Structures are given as C-alpha cells and as structure tokens.
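Trainee: Structure supplied as structure11.pdb; contents: PDB, C-alpha atoms.
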```pdb
ATOM      1  CA  MET A 871     111.513  96.509  88.205  1.00  0.00           C
ATOM      2  CA  ALA A 872     109.988  93.033  88.398  1.00  0.00           C
ATOM      3  CA  ILE A 873     108.218  94.083  91.592  1.00  0.00           C
ATOM      4  CA  ILE A 874     106.454  96.909  89.797  1.00  0.00           C
ATOM      5  CA  SER A 875     105.284  94.799  86.860  1.00  0.00           C
ATOM      6  CA  ALA A 876     104.029  92.136  89.261  1.00  0.00           C
ATOM      7  CA  CYS A 877     102.179  94.874  91.103  1.00  0.00           C
ATOM      8  CA  ALA A 878     100.508  96.027  87.895  1.00  0.00           C
ATOM      9  CA  SER A 879      99.148  92.567  87.112  1.00  0.00           C
ATOM     10  CA  THR A 880      97.952  91.615  90.609  1.00  0.00           C
ATOM     11  CA  GLY A 881      97.342  94.992  92.217  1.00  0.00           C
ATOM     12  CA  ARG A 882      99.432  93.841  95.188  1.00  0.00           C
ATOM     13  CA  TYR A 883     102.919  94.900  96.104  1.00  0.00           C
ATOM     14  CA  THR A 884     105.468  92.979  98.100  1.00  0.00           C
ATOM     15  CA  PRO A 885     107.730  95.249 100.140  1.00  0.00           C
ATOM     16  CA  PRO A 886     111.438  94.587  99.706  1.00  0.00           C
ATOM     17  CA  SER A 887     112.823  92.017 102.070  1.00  0.00           C
ATOM     18  CA  GLY A 888     116.058  92.245 103.949  1.00  0.00           C
ATOM     19  CA  GLY A 889     117.126  92.988 107.421  1.00  0.00           C
ATOM     20  CA  GLU A 890     119.320  95.377 109.253  1.00  0.00           C
ATOM     21  CA  GLY A 891     122.131  96.920 107.286  1.00  0.00           C
ATOM     22  CA  ARG A 892     120.478  96.477 103.896  1.00  0.00           C
ATOM     23  CA  LEU A 893     120.731  99.738 101.984  1.00  0.00           C
ATOM     24  CA  CYS A 894     117.908 101.277  99.980  1.00  0.00           C
ATOM     25  CA  LYS A 895     118.293 100.770  96.221  1.00  0.00           C
ATOM     26  CA  TYR A 896     117.205 104.382  95.573  1.00  0.00           C
ATOM     27  CA  THR A 897     119.638 106.144  97.930  1.00  0.00           C
ATOM     28  CA  GLY A 898     121.059 109.188  96.185  1.00  0.00           C
ATOM     29  CA  GLN A 899     118.914 108.690  93.071  1.00  0.00           C
ATOM     30  CA  SER A 900     116.106 110.885  91.820  1.00  0.00           C
ATOM     31  CA  VAL A 901     112.789 109.673  93.218  1.00  0.00           C
ATOM     32  CA  ARG A 902     109.377 110.999  92.221  1.00  0.00           C
ATOM     33  CA  ALA A 903     107.964 112.996  95.145  1.00  0.00           C
ATOM     34  CA  MET A 904     104.369 111.820  95.194  1.00  0.00           C
ATOM     35  CA  PRO A 905     101.907 113.716  97.359  1.00  0.00           C
ATOM     36  CA  ILE A 906     101.281 111.747 100.551  1.00  0.00           C
ATOM     37  CA  ARG A 907      97.978 111.483 102.355  1.00  0.00           C
ATOM     38  CA  ILE A 908      97.622 109.961 105.801  1.00  0.00           C
ATOM     39  CA  ILE A 909      94.114 108.865 106.750  1.00  0.00           C
ATOM     40  CA  THR A 910      93.721 108.132 110.465  1.00  0.00           C
ATOM     41  CA  VAL A 911      90.630 106.751 112.187  1.00  0.00           C
ATOM     42  CA  GLY A 912      90.378 107.433 115.912  1.00  0.00           C
ATOM     43  CA  LYS A 913      89.460 109.726 118.751  1.00  0.00           C
ATOM     44  CA  LYS A 914      90.367 113.394 118.817  1.00  0.00           C
ATOM     45  CA  ARG A 915      94.110 113.897 118.695  1.00  0.00           C
ATOM     46  CA  SER A 916      95.921 115.203 121.769  1.00  0.00           C
ATOM     47  CA  ALA A 917      97.597 118.625 121.542  1.00  0.00           C
ATOM     48  CA  GLY A 918     101.059 117.107 122.083  1.00  0.00           C
ATOM     49  CA  VAL A 919     100.616 114.584 119.290  1.00  0.00           C
ATOM     50  CA  GLN A 920      99.300 117.308 116.979  1.00  0.00           C
ATOM     51  CA  LEU A 921     102.384 119.469 117.651  1.00  0.00           C
ATOM     52  CA  LEU A 922     104.719 116.593 116.748  1.00  0.00           C
ATOM     53  CA  VAL A 923     102.736 115.747 113.606  1.00  0.00           C
ATOM     54  CA  GLU A 924     102.956 119.386 112.526  1.00  0.00           C
ATOM     55  CA  GLU A 925     106.708 119.417 113.211  1.00  0.00           C
ATOM     56  CA  TYR A 926     107.276 116.411 110.938  1.00  0.00           C
ATOM     57  CA  THR A 927     104.837 117.734 108.328  1.00  0.00           C
ATOM     58  CA  ASN A 928     106.929 120.926 108.162  1.00  0.00           C
ATOM     59  CA  LYS A 929     110.145 118.887 107.822  1.00  0.00           C
ATOM     60  CA  LEU A 930     108.595 116.808 105.038  1.00  0.00           C
ATOM     61  CA  LYS A 931     107.745 119.943 103.016  1.00  0.00           C
ATOM     62  CA  ASN A 932     111.365 119.878 101.834  1.00  0.00           C
ATOM     63  CA  TYR A 933     110.691 116.536 100.120  1.00  0.00           C
ATOM     64  CA  CYS A 934     106.989 116.106  99.345  1.00  0.00           C
ATOM     65  CA  SER A 935     103.527 117.387 100.214  1.00  0.00           C
ATOM     66  CA  LEU A 936     101.751 115.686 103.075  1.00  0.00           C
ATOM     67  CA  HIS A 937      98.064 115.949 103.954  1.00  0.00           C
ATOM     68  CA  ASP A 938      96.731 114.510 107.171  1.00  0.00           C
ATOM     69  CA  PHE A 939      93.053 113.518 107.429  1.00  0.00           C
ATOM     70  CA  HIS A 940      91.403 112.456 110.649  1.00  0.00           C
ATOM     71  CA  ILE A 941      88.173 110.459 110.691  1.00  0.00           C
ATOM     72  CA  ARG A 942      86.360 110.189 114.006  1.00  0.00           C
ATOM     73  CA  SER A 943      86.042 106.581 115.093  1.00  0.00           C
ATOM     74  CA  ASN A 944      82.499 105.226 115.042  1.00  0.00           C
ATOM     75  CA  PRO A 945      81.150 108.109 112.912  1.00  0.00           C
ATOM     76  CA  ARG A 946      77.497 106.924 113.189  1.00  0.00           C
ATOM     77  CA  ASN A 947      77.664 105.798 116.842  1.00  0.00           C
ATOM     78  CA  ALA A 948      77.048 102.184 115.916  1.00  0.00           C
ATOM     79  CA  ARG A 949      76.488  99.806 118.797  1.00  0.00           C
ATOM     80  CA  ASP A 950      78.328  96.782 117.471  1.00  0.00           C
ATOM     81  CA  GLU A 951      81.947  96.470 116.353  1.00  0.00           C
ATOM     82  CA  LYS A 952      81.205  95.217 112.833  1.00  0.00           C
ATOM     83  CA  ALA A 953      78.872  98.133 112.094  1.00  0.00           C
ATOM     84  CA  GLN A 954      81.487 100.543 113.476  1.00  0.00           C
ATOM     85  CA  VAL A 955      84.249  99.063 111.308  1.00  0.00           C
ATOM     86  CA  ASP A 956      81.963  99.128 108.253  1.00  0.00           C
ATOM     87  CA  ASP A 957      81.112 102.814 108.820  1.00  0.00           C
ATOM     88  CA  GLU A 958      84.785 103.718 109.277  1.00  0.00           C
ATOM     89  CA  ASP A 959      85.676 101.648 106.195  1.00  0.00           C
ATOM     90  CA  LYS A 960      83.177 103.576 104.081  1.00  0.00           C
ATOM     91  CA  ALA A 961      84.500 106.929 105.367  1.00  0.00           C
ATOM     92  CA  VAL A 962      88.102 105.928 104.530  1.00  0.00           C
ATOM     93  CA  MET A 963      87.153 104.655 101.075  1.00  0.00           C
ATOM     94  CA  ASN A 964      85.435 107.980 100.332  1.00  0.00           C
ATOM     95  CA  LEU A 965      88.840 109.680 100.708  1.00  0.00           C
ATOM     96  CA  ILE A 966      90.731 107.284  98.418  1.00  0.00           C
ATOM     97  CA  ARG A 967      90.829 107.890  94.677  1.00  0.00           C
ATOM     98  CA  SER A 968      91.085 105.151  92.084  1.00  0.00           C
ATOM     99  CA  ASP A 969      94.627 106.270  91.163  1.00  0.00           C
ATOM    100  CA  ASP A 970      95.945 106.305  94.761  1.00  0.00           C
ATOM    101  CA  TRP A 971      98.626 103.831  95.788  1.00  0.00           C
ATOM    102  CA  VAL A 972      97.339 102.598  99.150  1.00  0.00           C
ATOM    103  CA  VAL A 973      99.417 101.411 102.115  1.00  0.00           C
ATOM    104  CA  MET A 974      97.381  99.880 104.934  1.00  0.00           C
ATOM    105  CA  LEU A 975      99.018  99.933 108.362  1.00  0.00           C
ATOM    106  CA  ASP A 976      97.956  96.768 110.129  1.00  0.00           C
ATOM    107  CA  GLU A 977      99.284  94.665 113.014  1.00  0.00           C
ATOM    108  CA  ARG A 978      99.298  91.647 110.651  1.00  0.00           C
ATOM    109  CA  GLY A 979     101.074  93.522 107.866  1.00  0.00           C
ATOM    110  CA  ARG A 980     104.589  92.883 106.650  1.00  0.00           C
ATOM    111  CA  ASN A 981     107.337  94.002 108.998  1.00  0.00           C
ATOM    112  CA  ILE A 982     109.732  96.387 107.247  1.00  0.00           C
ATOM    113  CA  GLY A 983     112.682  98.516 108.322  1.00  0.00           C
ATOM    114  CA  SER A 984     113.439 102.145 107.520  1.00  0.00           C
ATOM    115  CA  GLU A 985     115.396 101.329 104.344  1.00  0.00           C
ATOM    116  CA  GLN A 986     112.535  99.156 103.093  1.00  0.00           C
ATOM    117  CA  MET A 987     110.066 101.972 103.840  1.00  0.00           C
ATOM    118  CA  ALA A 988     112.244 104.266 101.721  1.00  0.00           C
ATOM    119  CA  GLU A 989     112.163 101.671  98.915  1.00  0.00           C
ATOM    120  CA  LEU A 990     108.397 101.384  99.242  1.00  0.00           C
ATOM    121  CA  ILE A 991     108.138 105.152  98.663  1.00  0.00           C
ATOM    122  CA  GLY A 992     110.523 104.941  95.699  1.00  0.00           C
ATOM    123  CA  ASP A 993     108.678 101.951  94.214  1.00  0.00           C
ATOM    124  CA  ALA A 994     105.295 103.666  94.677  1.00  0.00           C
ATOM    125  CA  GLY A 995     106.602 106.620  92.656  1.00  0.00           C
ATOM    126  CA  ASN A 996     107.211 104.253  89.750  1.00  0.00           C
ATOM    127  CA  THR A 997     103.663 102.827  89.670  1.00  0.00           C
ATOM    128  CA  GLY A 998     101.991 105.690  87.823  1.00  0.00           C
ATOM    129  CA  ALA A 999      99.776 106.447  90.826  1.00  0.00           C
ATOM    130  CA  SER A1000      99.048 110.102  91.511  1.00  0.00           C
ATOM    131  CA  ARG A1001      99.187 109.923  95.301  1.00  0.00           C
ATOM    132  CA  LEU A1002     100.458 107.696  98.112  1.00  0.00           C
ATOM    133  CA  SER A1003      97.811 107.104 100.798  1.00  0.00           C
ATOM    134  CA  PHE A1004      98.609 105.575 104.188  1.00  0.00           C
ATOM    135  CA  CYS A1005      95.636 104.262 106.194  1.00  0.00           C
ATOM    136  CA  ILE A1006      95.668 103.869 109.983  1.00  0.00           C
ATOM    137  CA  GLY A1007      92.643 101.944 111.217  1.00  0.00           C
ATOM    138  CA  GLY A1008      90.358 102.551 114.155  1.00  0.00           C
ATOM    139  CA  PRO A1009      90.168 100.648 117.442  1.00  0.00           C
ATOM    140  CA  TYR A1010      88.826  97.486 115.763  1.00  0.00           C
ATOM    141  CA  GLY A1011      91.055  97.645 112.711  1.00  0.00           C
ATOM    142  CA  HIS A1012      90.304  98.009 109.016  1.00  0.00           C
ATOM    143  CA  GLY A1013      87.187  96.984 107.121  1.00  0.00           C
ATOM    144  CA  GLN A1014      87.018  94.634 104.158  1.00  0.00           C
ATOM    145  CA  GLN A1015      86.884  97.368 101.484  1.00  0.00           C
ATOM    146  CA  ILE A1016      90.214  98.911 102.473  1.00  0.00           C
ATOM    147  CA  ARG A1017      91.751  95.448 102.925  1.00  0.00           C
ATOM    148  CA  LYS A1018      90.813  94.615  99.328  1.00  0.00           C
ATOM    149  CA  ARG A1019      91.828  98.038  97.989  1.00  0.00           C
ATOM    150  CA  ALA A1020      95.246  98.276  99.670  1.00  0.00           C
ATOM    151  CA  ASN A1021      98.270  97.713  97.450  1.00  0.00           C
ATOM    152  CA  VAL A1022     100.328  96.663 100.463  1.00  0.00           C
ATOM    153  CA  SER A1023      99.869  96.035 104.164  1.00  0.00           C
ATOM    154  CA  ILE A1024     102.728  96.882 106.531  1.00  0.00           C
ATOM    155  CA  ARG A1025     103.156  97.089 110.268  1.00  0.00           C
ATOM    156  CA  LEU A1026     105.142  99.657 112.189  1.00  0.00           C
ATOM    157  CA  SER A1027     105.754  97.391 115.170  1.00  0.00           C
ATOM    158  CA  SER A1028     105.090  93.876 116.372  1.00  0.00           C
ATOM    159  CA  MET A1029     103.188  95.566 119.210  1.00  0.00           C
ATOM    160  CA  VAL A1030      99.686  96.954 118.734  1.00  0.00           C
ATOM    161  CA  LEU A1031      99.835 100.773 118.640  1.00  0.00           C
ATOM    162  CA  ASN A1032      96.946 103.155 119.151  1.00  0.00           C
ATOM    163  CA  HIS A1033      96.212 105.464 116.222  1.00  0.00           C
ATOM    164  CA  GLN A1034      98.025 108.474 117.734  1.00  0.00           C
ATOM    165  CA  ILE A1035     101.260 106.581 118.369  1.00  0.00           C
ATOM    166  CA  ALA A1036     101.026 104.889 114.959  1.00  0.00           C
ATOM    167  CA  LEU A1037     100.643 108.312 113.329  1.00  0.00           C
ATOM    168  CA  LEU A1038     103.734 109.668 115.113  1.00  0.00           C
ATOM    169  CA  VAL A1039     105.812 106.638 114.164  1.00  0.00           C
ATOM    170  CA  LEU A1040     104.586 106.884 110.561  1.00  0.00           C
ATOM    171  CA  VAL A1041     105.392 110.588 110.062  1.00  0.00           C
ATOM    172  CA  GLU A1042     108.826 110.108 111.633  1.00  0.00           C
ATOM    173  CA  GLN A1043     109.499 107.134 109.346  1.00  0.00           C
ATOM    174  CA  LEU A1044     108.323 109.077 106.292  1.00  0.00           C
ATOM    175  CA  TYR A1045     110.797 111.826 107.163  1.00  0.00           C
ATOM    176  CA  ARG A1046     113.545 109.254 107.805  1.00  0.00           C
ATOM    177  CA  SER A1047     112.712 107.555 104.484  1.00  0.00           C
ATOM    178  CA  TRP A1048     113.201 110.781 102.582  1.00  0.00           C
ATOM    179  CA  THR A1049     116.539 111.411 104.293  1.00  0.00           C
ATOM    180  CA  ILE A1050     117.582 107.890 103.248  1.00  0.00           C
ATOM    181  CA  LEU A1051     116.408 108.497  99.671  1.00  0.00           C
ATOM    182  CA  LYS A1052     118.351 111.766  99.500  1.00  0.00           C
ATOM    183  CA  GLY A1053     121.495 110.115 100.887  1.00  0.00           C
ATOM    184  CA  GLN A1054     121.519 112.300 103.990  1.00  0.00           C
ATOM    185  CA  ASN A1055     122.956 111.160 107.293  1.00  0.00           C
ATOM    186  CA  TYR A1056     120.541 109.613 109.737  1.00  0.00           C
ATOM    187  CA  HIS A1057     120.812 107.426 112.806  1.00  0.00           C
ATOM    188  CA  HIS A1058     120.595 103.697 112.090  1.00  0.00           C
TER
END
```
Represent the structure of the file as structure tokens.
Mentor:
Amino acid sequence: MAIISACASTGRYTPPSGGEGRLCKYTGQSVRAMPIRIITVGKKRSAGVQLLVEEYTNKLKNYCSLHDFHIRSNPRNARDEKAQVDDEDKAVMNLIRSDDWVVMLDERGRNIGSEQMAELIGDAGNTGASRLSFCIGGPYGHGQQIRKRANVSIRLSSMVLNHQIALLVLVEQLYRSWTILKGQNYHH
C-alpha cells in the first residue's frame, strides 16, 4: 500500500513496474468496481468503431459501469493548434470532478502491460476516488490543465494511435483487466 499513500501525498501515481509474466497482485481478490468514464477528443466516430465500443461496453457491464463521452476536436474552430488544445482541455476538464481518479493516455506516458493495467484499476479503487476517468487527447494531444490534473499518464503503445484506435485498445484492455482481476482465463 506504499504506492497509495505516496499517491495521497503527491497526487501522482506510479503504475506497477514489471514485464511479461508478472502476475497482478489483485488476481482473484475482491476489487472495488469503480464507475469508469472514458473521455475522448476527436472527430466523429466511425460506425464500425462504435459497434466494437458498444460490444466491449456490454461485456464490461458484468464488472463495472462504463460511460463513454466524446468531445469534438477543435470545439470552437480555432485557427491555431495551441488555441485548439486549450479549448479541448477546457471541455475535458468540465467533465472531470474533483474526486475523479484521472488516467491520461499519452504517447509519452508510462508503458504498462495488461497485468499492470489490472493493478492500476485495483489501486485506483483503493484511493477513495468516486470514479476512474480515462482521457484520450485530440490530434495535438492534451492541454496543460489535464496534464496537471492527471494522477497517472500511461501509453497504450509505443506507436502514436488516433483517438478511435486508442479507444478500441483501451476498452479491450479494460475488459481484459477485469478478467485478470477476477482470475478468469485470458490469452497472454
């Protein structure tokens, strides 16, 4: 629990380290099922992506509630990148409550595996937060407010992913994380 107490004093969380084959410390234990919110900034979602997101959202209902929010990129039609990022940042921050535990998905974030994602979910449930919020940035990334507010920054891949692909990878990994936490079989 040292990670959690360190998180309380600094507001930052360090995801568990470890590579392939490392098992999640919560596997088979009772884990608090926090509501999960995914906030995505980007263009309108394709029908195929939406179908897959809905499929995983339905699967996740067995473990936790998941709400998916989409914010249109460049909500005020700003002409420069900084103004666009600032507008998107403000829109994202308006959806985050003070008691949310915030995970920012960022290409410079910490690289974690599926077991570490499961631990992140388990650790977040021990923080006292009321909700777990994942933030996927727009085409120019995240603004300074969300960077300061985030409890942790992770990346889903060493490659840059557009918001639709990042969303699909995230919902699949959330489902996989819950199967790990519940001790169910999954493909390594």
Trainee: With the file shown as input, list the residues that the PyMOL selection byres ((chain A and resi 1031) around 12) selects, as a list in words.
Mentor: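 Selected by the PyMOL selection byres ((chain A and resi 1031) around 12) in this file: Gly912, Leu975, Asp976, Glu977, Ile1006, Gly1007, Gly1008, Pro1009, Tyr1010, Gly1011, Arg1025, Leu1026, Ser1027, Ser1028, Met1029, Val1030, Asn1032, His1033, Gln1034, Ile1035, Ala1036, Leu1037, Leu1038, Val1039 and Leu1040 of chain A.
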Trainee: Name the residues that the PyMOL selection byres ((chain A and resi 909) around 7) pulls out of this structure, and write them as number ranges by chain.
Mentor: A: 907-908, 910-911, 938-940, 1004-1006
Trainee: Based on the selection just made, write C-alpha atoms of those residues as a tab-separated table (two decimals), keeping the file's coordinate frame.
Mentor:
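And here is the file that came out, part26.tsv:
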```tsv
chain	number	residue	atom	x	y	z
A	907	ARG	CA	97.98	111.48	102.36
A	908	ILE	CA	97.62	109.96	105.80
A	910	THR	CA	93.72	108.13	110.46
A	911	VAL	CA	90.63	106.75	112.19
A	938	ASP	CA	96.73	114.51	107.17
A	939	PHE	CA	93.05	113.52	107.43
A	940	HIS	CA	91.40	112.46	110.65
A	1004	PHE	CA	98.61	105.58	104.19
A	1005	CYS	CA	95.64	104.26	106.19
A	1006	ILE	CA	95.67	103.87	109.98
```
Trainee: Need to verify the contact set: Gly998 in chain A, 10 Å, all atoms listed in the file, exclusion of same-chain residues closer than 6 positions in sequence. Can you return it as an MDAnalysis selection string?
Mentor: chainID A and resid 878 904 969:971
Trainee: List the spatial neighbours of range 987-997 of chain A as a PyMOL selection string - criterion: any atom at most 7 Å away, all atoms listed in the file, same-chain residues fewer than 3 positions off excluded.
Mentor: chain A and resi 874+885+894-896+901-904+971+982-984+1047-1048+1050-1051
Trainee: What separation in Å, quoted to one decimal, exists between CA of Thr927 in chain A and CA of Glu985 in chain A?
Mentor: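 Straight-line distance from CA of Thr927 in chain A to CA of Glu985 in chain A works out to 19.9 Å.
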Trainee: Complete the atoms of range 1004-1028 of chain A to N, CA, C and O atoms and put them out as an mmCIF file, in the coordinates of the input.
Mentor:
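Contents of result-v4.cif, freshly written:
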```
data_model
loop_
_atom_site.group_PDB
_atom_site.id
_atom_site.type_symbol
_atom_site.label_atom_id
_atom_site.label_comp_id
_atom_site.auth_asym_id
_atom_site.auth_seq_id
_atom_site.Cartn_x
_atom_site.Cartn_y
_atom_site.Cartn_z
ATOM 1 N N PHE A 1004 98.384 106.474 103.062
ATOM 2 C CA PHE A 1004 98.609 105.575 104.188
ATOM 3 C C PHE A 1004 97.343 105.579 105.036
ATOM 4 O O PHE A 1004 96.812 106.649 105.349
ATOM 5 N N CYS A 1005 96.871 104.381 105.426
ATOM 6 C CA CYS A 1005 95.636 104.262 106.194
ATOM 7 C C CYS A 1005 95.915 103.624 107.549
ATOM 8 O O CYS A 1005 96.447 102.518 107.624
ATOM 9 N N ILE A 1006 95.544 104.353 108.607
ATOM 10 C CA ILE A 1006 95.668 103.869 109.983
ATOM 11 C C ILE A 1006 94.256 103.596 110.475
ATOM 12 O O ILE A 1006 93.420 104.509 110.505
ATOM 13 N N GLY A 1007 93.987 102.362 110.839
ATOM 14 C CA GLY A 1007 92.643 101.944 111.217
ATOM 15 C C GLY A 1007 92.221 102.401 112.597
ATOM 16 O O GLY A 1007 93.025 102.883 113.394
ATOM 17 N N GLY A 1008 90.943 102.200 112.867
ATOM 18 C CA GLY A 1008 90.358 102.551 114.155
ATOM 19 C C GLY A 1008 90.613 101.476 115.198
ATOM 20 O O GLY A 1008 91.406 100.556 114.993
ATOM 21 N N PRO A 1009 89.911 101.562 116.324
ATOM 22 C CA PRO A 1009 90.168 100.648 117.442
ATOM 23 C C PRO A 1009 89.932 99.177 117.114
ATOM 24 O O PRO A 1009 90.530 98.304 117.746
ATOM 25 N N TYR A 1010 89.086 98.884 116.135
ATOM 26 C CA TYR A 1010 88.826 97.486 115.763
ATOM 27 C C TYR A 1010 89.447 97.114 114.425
ATOM 28 O O TYR A 1010 89.116 96.091 113.853
ATOM 29 N N GLY A 1011 90.339 97.958 113.938
ATOM 30 C CA GLY A 1011 91.055 97.645 112.711
ATOM 31 C C GLY A 1011 90.372 98.152 111.457
ATOM 32 O O GLY A 1011 89.489 99.002 111.510
ATOM 33 N N HIS A 1012 90.803 97.595 110.326
ATOM 34 C CA HIS A 1012 90.304 98.009 109.016
ATOM 35 C C HIS A 1012 89.142 97.136 108.560
ATOM 36 O O HIS A 1012 89.064 95.957 108.897
ATOM 37 N N GLY A 1013 88.297 97.718 107.717
ATOM 38 C CA GLY A 1013 87.187 96.984 107.121
ATOM 39 C C GLY A 1013 87.625 96.247 105.866
ATOM 40 O O GLY A 1013 88.758 96.388 105.382
ATOM 41 N N GLN A 1014 86.718 95.476 105.314
ATOM 42 C CA GLN A 1014 87.018 94.634 104.158
ATOM 43 C C GLN A 1014 87.306 95.439 102.890
ATOM 44 O O GLN A 1014 88.139 95.033 102.086
ATOM 45 N N GLN A 1015 86.649 96.581 102.704
ATOM 46 C CA GLN A 1015 86.884 97.368 101.484
ATOM 47 C C GLN A 1015 88.325 97.856 101.406
ATOM 48 O O GLN A 1015 88.959 97.748 100.353
ATOM 49 N N ILE A 1016 88.834 98.407 102.497
ATOM 50 C CA ILE A 1016 90.214 98.911 102.473
ATOM 51 C C ILE A 1016 91.194 97.754 102.396
ATOM 52 O O ILE A 1016 92.241 97.854 101.744
ATOM 53 N N ARG A 1017 90.877 96.628 103.017
ATOM 54 C CA ARG A 1017 91.751 95.448 102.925
ATOM 55 C C ARG A 1017 91.875 94.981 101.475
ATOM 56 O O ARG A 1017 92.956 94.598 101.035
ATOM 57 N N LYS A 1018 90.787 95.025 100.747
ATOM 58 C CA LYS A 1018 90.813 94.615 99.328
ATOM 59 C C LYS A 1018 91.495 95.667 98.460
ATOM 60 O O LYS A 1018 92.156 95.338 97.487
ATOM 61 N N ARG A 1019 91.301 96.939 98.806
ATOM 62 C CA ARG A 1019 91.828 98.038 97.989
ATOM 63 C C ARG A 1019 93.324 98.278 98.185
ATOM 64 O O ARG A 1019 94.016 98.740 97.274
ATOM 65 N N ALA A 1020 93.846 97.972 99.356
ATOM 66 C CA ALA A 1020 95.246 98.276 99.670
ATOM 67 C C ALA A 1020 96.202 97.571 98.718
ATOM 68 O O ALA A 1020 96.027 96.398 98.396
ATOM 69 N N ASN A 1021 97.216 98.301 98.278
ATOM 70 C CA ASN A 1021 98.270 97.713 97.450
ATOM 71 C C ASN A 1021 99.260 96.934 98.292
ATOM 72 O O ASN A 1021 99.883 95.997 97.809
ATOM 73 N N VAL A 1022 99.398 97.332 99.557
ATOM 74 C CA VAL A 1022 100.328 96.663 100.463
ATOM 75 C C VAL A 1022 99.866 96.884 101.897
ATOM 76 O O VAL A 1022 99.238 97.906 102.198
ATOM 77 N N SER A 1023 100.157 95.930 102.740
ATOM 78 C CA SER A 1023 99.869 96.035 104.164
ATOM 79 C C SER A 1023 101.191 95.903 104.917
ATOM 80 O O SER A 1023 101.920 94.930 104.730
ATOM 81 N N ILE A 1024 101.490 96.911 105.735
ATOM 82 C CA ILE A 1024 102.728 96.882 106.531
ATOM 83 C C ILE A 1024 102.381 97.117 107.989
ATOM 84 O O ILE A 1024 101.294 97.601 108.311
ATOM 85 N N ARG A 1025 103.316 96.768 108.857
ATOM 86 C CA ARG A 1025 103.156 97.089 110.268
ATOM 87 C C ARG A 1025 104.351 97.916 110.711
ATOM 88 O O ARG A 1025 105.460 97.764 110.204
ATOM 89 N N LEU A 1026 104.098 98.794 111.666
ATOM 90 C CA LEU A 1026 105.142 99.657 112.189
ATOM 91 C C LEU A 1026 105.844 99.030 113.378
ATOM 92 O O LEU A 1026 106.924 99.460 113.756
ATOM 93 N N SER A 1027 105.213 98.028 113.984
ATOM 94 C CA SER A 1027 105.754 97.391 115.170
ATOM 95 C C SER A 1027 105.074 96.038 115.343
ATOM 96 O O SER A 1027 103.964 95.839 114.868
ATOM 97 N N SER A 1028 105.735 95.140 116.041
ATOM 98 C CA SER A 1028 105.090 93.876 116.372
ATOM 99 C C SER A 1028 104.106 94.070 117.524
ATOM 100 O O SER A 1028 103.291 93.197 117.806
#
```
